[in-house]
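First up is the structure itself, then whatever we jot down about it.
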Amino acid sequence: MTQKQLDESTTYLQGKGFDAPEIGIVLGTGLGKLADAIEDPIVAHYNHIPFFPLATVEFHSGKLIYGTLQGKKAVVMKGRFHLYEGYDFLDVTYPIRVMHQLGIKKLFISNASGAINLEFALGDLMLIEDHINLQGGSPLAFKNVAQFGTRFTDMAEPYDLEMREKLIKIADAENITLRKGVYASVVGPQLETRAEYRMLKILGADAVGMSTVPEVIVAKHLGLPVAAVSVLTDICDPDNLQPVNIKSILSVAEKAEPKMVKLFKELIGAL
């Protein structure tokens with residue numbers, strides 16, 4: 001990754017009308033409906049954006065959508081990138097750097113994850129308060145990282161406290177159950193074994209997924225406040241483990257999605 005590449009990607013999007021967005025949003029598995037709320041949308045497909053990776057997962061569409069959401073200019077990633085697709089950490093996080101260069105001041109991330117904490121229920125939302133990186137690397141571990149920000153990025157508070165408090169108040173006002181917890185990020189794409197679920201619980205994880213953490217690390221590197229919400233699409237009980245298929249995960253995500261959309265829309269309106 002070079003500054004020239006970032007400039008070329010940004011210039012292309014600005015030429016399409018992506019004008020100084022305030023909010024960046026990354027939509028996770030089965031959570032694309034927020035994009036439908038964007039007014040006067042301008043769409044840029046990933047395969048047309050210089051140096052952008054391509055989303056290879058069949059249920060992740062690959063486009064960047066710009067427009068107005070709750071009276072604010074926003075850019076939404078409909079379809080994200082994962083290490084399990086064969087991409088590296090720089091590929092996965094490249095769009096975050098481009099959105100930052102376009103001008104975003106806040107970043108919202110959603111994902112579908114499995115509930116390690118058995119007090120949580122299927123379809124619940126979880127506000128991510130902290131994370132555990134089990135992906136075996138870092139999006140900041142490259143030679144010229146110092147050209148883009150501080151190499152030794154502090155991670156004492158990766159998820160913005162002010163936005164978390166606002167989301168909790170919104171959830172209370174809207175009567176939405178919003179759990180709070182620690183998200184563990186693994187490579188995938190295989191789901192975890194019983195022993196791995198037991199390990200994750202010992203480590204202090206409340207949920208597990210295959211995304212989000214690289215994007216959050218880069219957001220911190222860029223000084224970009226971030227809030228993230230998981231939709232809990234399966235229950236990871238090692239003593240009563242049921243086989244999970246992607247159809248059931250997508251079905252649960254679809255049912256829970258209106259709650260997540262409500263939270264993000266209300267938060268954007270409150271900023």
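Following the order of the structure tokens, chains are lettered A, B, ..., residues in each are numbered from 1, and ligands are numbered from 1.
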
Residue set, region 82-147 of chain A restricted to strand (DSSP E or B), as a PyMOL selection string: chain A and resi 106-115+125-133

Create the file for the chosen residues now, containing C-alpha atoms and written as an mmCIF file, in the first residue's frame.
data_model
loop_
_atom_site.group_PDB
_atom_site.id
_atom_site.type_symbol
_atom_site.label_atom_id
_atom_site.label_comp_id
_atom_site.auth_asym_id
_atom_site.auth_seq_id
_atom_site.Cartn_x
_atom_site.Cartn_y
_atom_site.Cartn_z
ATOM 1 C CA LYS A 106 -16.717 8.526 12.798
ATOM 2 C CA LEU A 107 -16.781 4.831 11.878
ATOM 3 C CA PHE A 108 -19.598 2.352 12.615
ATOM 4 C CA ILE A 109 -19.082 -1.391 12.166
ATOM 5 C CA SER A 110 -21.555 -4.278 12.297
ATOM 6 C CA ASN A 111 -20.945 -8.009 12.162
ATOM 7 C CA ALA A 112 -22.582 -11.372 12.697
ATOM 8 C CA SER A 113 -20.966 -13.409 15.454
ATOM 9 C CA GLY A 114 -21.419 -16.453 17.664
ATOM 10 C CA ALA A 115 -22.374 -16.097 21.324
ATOM 11 C CA LEU A 125 -27.286 -7.398 19.708
ATOM 12 C CA MET A 126 -23.947 -6.982 21.497
ATOM 13 C CA LEU A 127 -22.153 -3.682 21.848
ATOM 14 C CA ILE A 128 -18.444 -4.440 21.530
ATOM 15 C CA GLU A 129 -16.539 -2.914 24.439
ATOM 16 C CA ASP A 130 -13.178 -4.583 23.820
ATOM 17 C CA HIS A 131 -11.664 -7.278 21.632
ATOM 18 C CA ILE A 132 -9.155 -10.125 21.464
ATOM 19 C CA ASN A 133 -7.141 -10.411 18.250
#

Helix (DSSP H, G or I) positions in region 24-164 of chain A, given as a count of residues only: 32

Closest of A:Ile168, A:Leu178, A:Val216, A:Ala121 to Asp154 (chain A) - atom-to-atom distances counting only C-alpha atoms: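 Checking each candidate against Asp154 (chain A), we get A:Val216 as the closest.
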
Long-range neighbours of Gly71 (chain A) as a list in words, 12 Å cut-off, only C-alpha atoms, 2 positions minimum in chain: Pro21, Glu22, Ile23, Ala37, Ile38, Glu39, Asp40, Gly67, Thr68, Leu69, Lys73, Ala74, Lys265, Glu266, Leu267, Ile268, Gly269, Ala270 and Leu271 of chain A

Nearby residues (only C-alpha atoms) at most 10 Å from region 7-16 of chain A, same-chain spacing under 6 positions excluded, as a list of chain:residue names: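 Final neighbour list, sorted by chain and number: A:Ile42, A:Val43, A:Ala44, A:His48, A:Ile49, A:Pro50, A:Phe51, A:Phe52, A:Leu64, A:Tyr66, A:Tyr94, A:Pro95, A:Arg97, A:Val98, A:Met99, A:His100, A:Gln101, A:Leu102, A:Gly103.
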
Distance of CA of Val261 (chain A) from CA of Leu34 (chain A), expressed in Å to one decimal place: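 Atom-to-atom, CA of Leu34 (chain A) to CA of Val261 (chain A), that is 5.5 Å.
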
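Each of A:Lys220, A:Lys201, A:Lys247, A:His82 was compared to Thr153 (chain A) using only C-alpha atoms, and A:Lys220 turns out to be the nearest.
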
For Leu118 (chain A): contacts at 8 Å, only C-alpha atoms, fewer than 2 positions along chain excluded, given as a PyMOL selection string: chain A and resi 115-116+120-121+235-237

Coordinates-based distance that separates CA of Gly209 (chain A) from CA of Ser185 (chain A) (Å, one decimal): 5.1 Å

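Take the candidates A:Val186, A:Met1, A:Met155, A:Leu140 and check each one against Asp91 (chain A) using only C-alpha atoms; the shortest distance goes to A:Met1.
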
Which residue of A:Leu27, A:Met77, A:Val229, A:Met260 approaches Lys180 (chain A) most closely, using only C-alpha atoms: A:Val229

Which of A:Gly181, A:Val187, A:Pro243, A:Leu122 sits closest to Tyr87 (chain A) [using only C-alpha atoms]: A:Val187

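Relative to CA of Lys72 (chain A), CA of Asp124 (chain A) is found at 27.6 Å.
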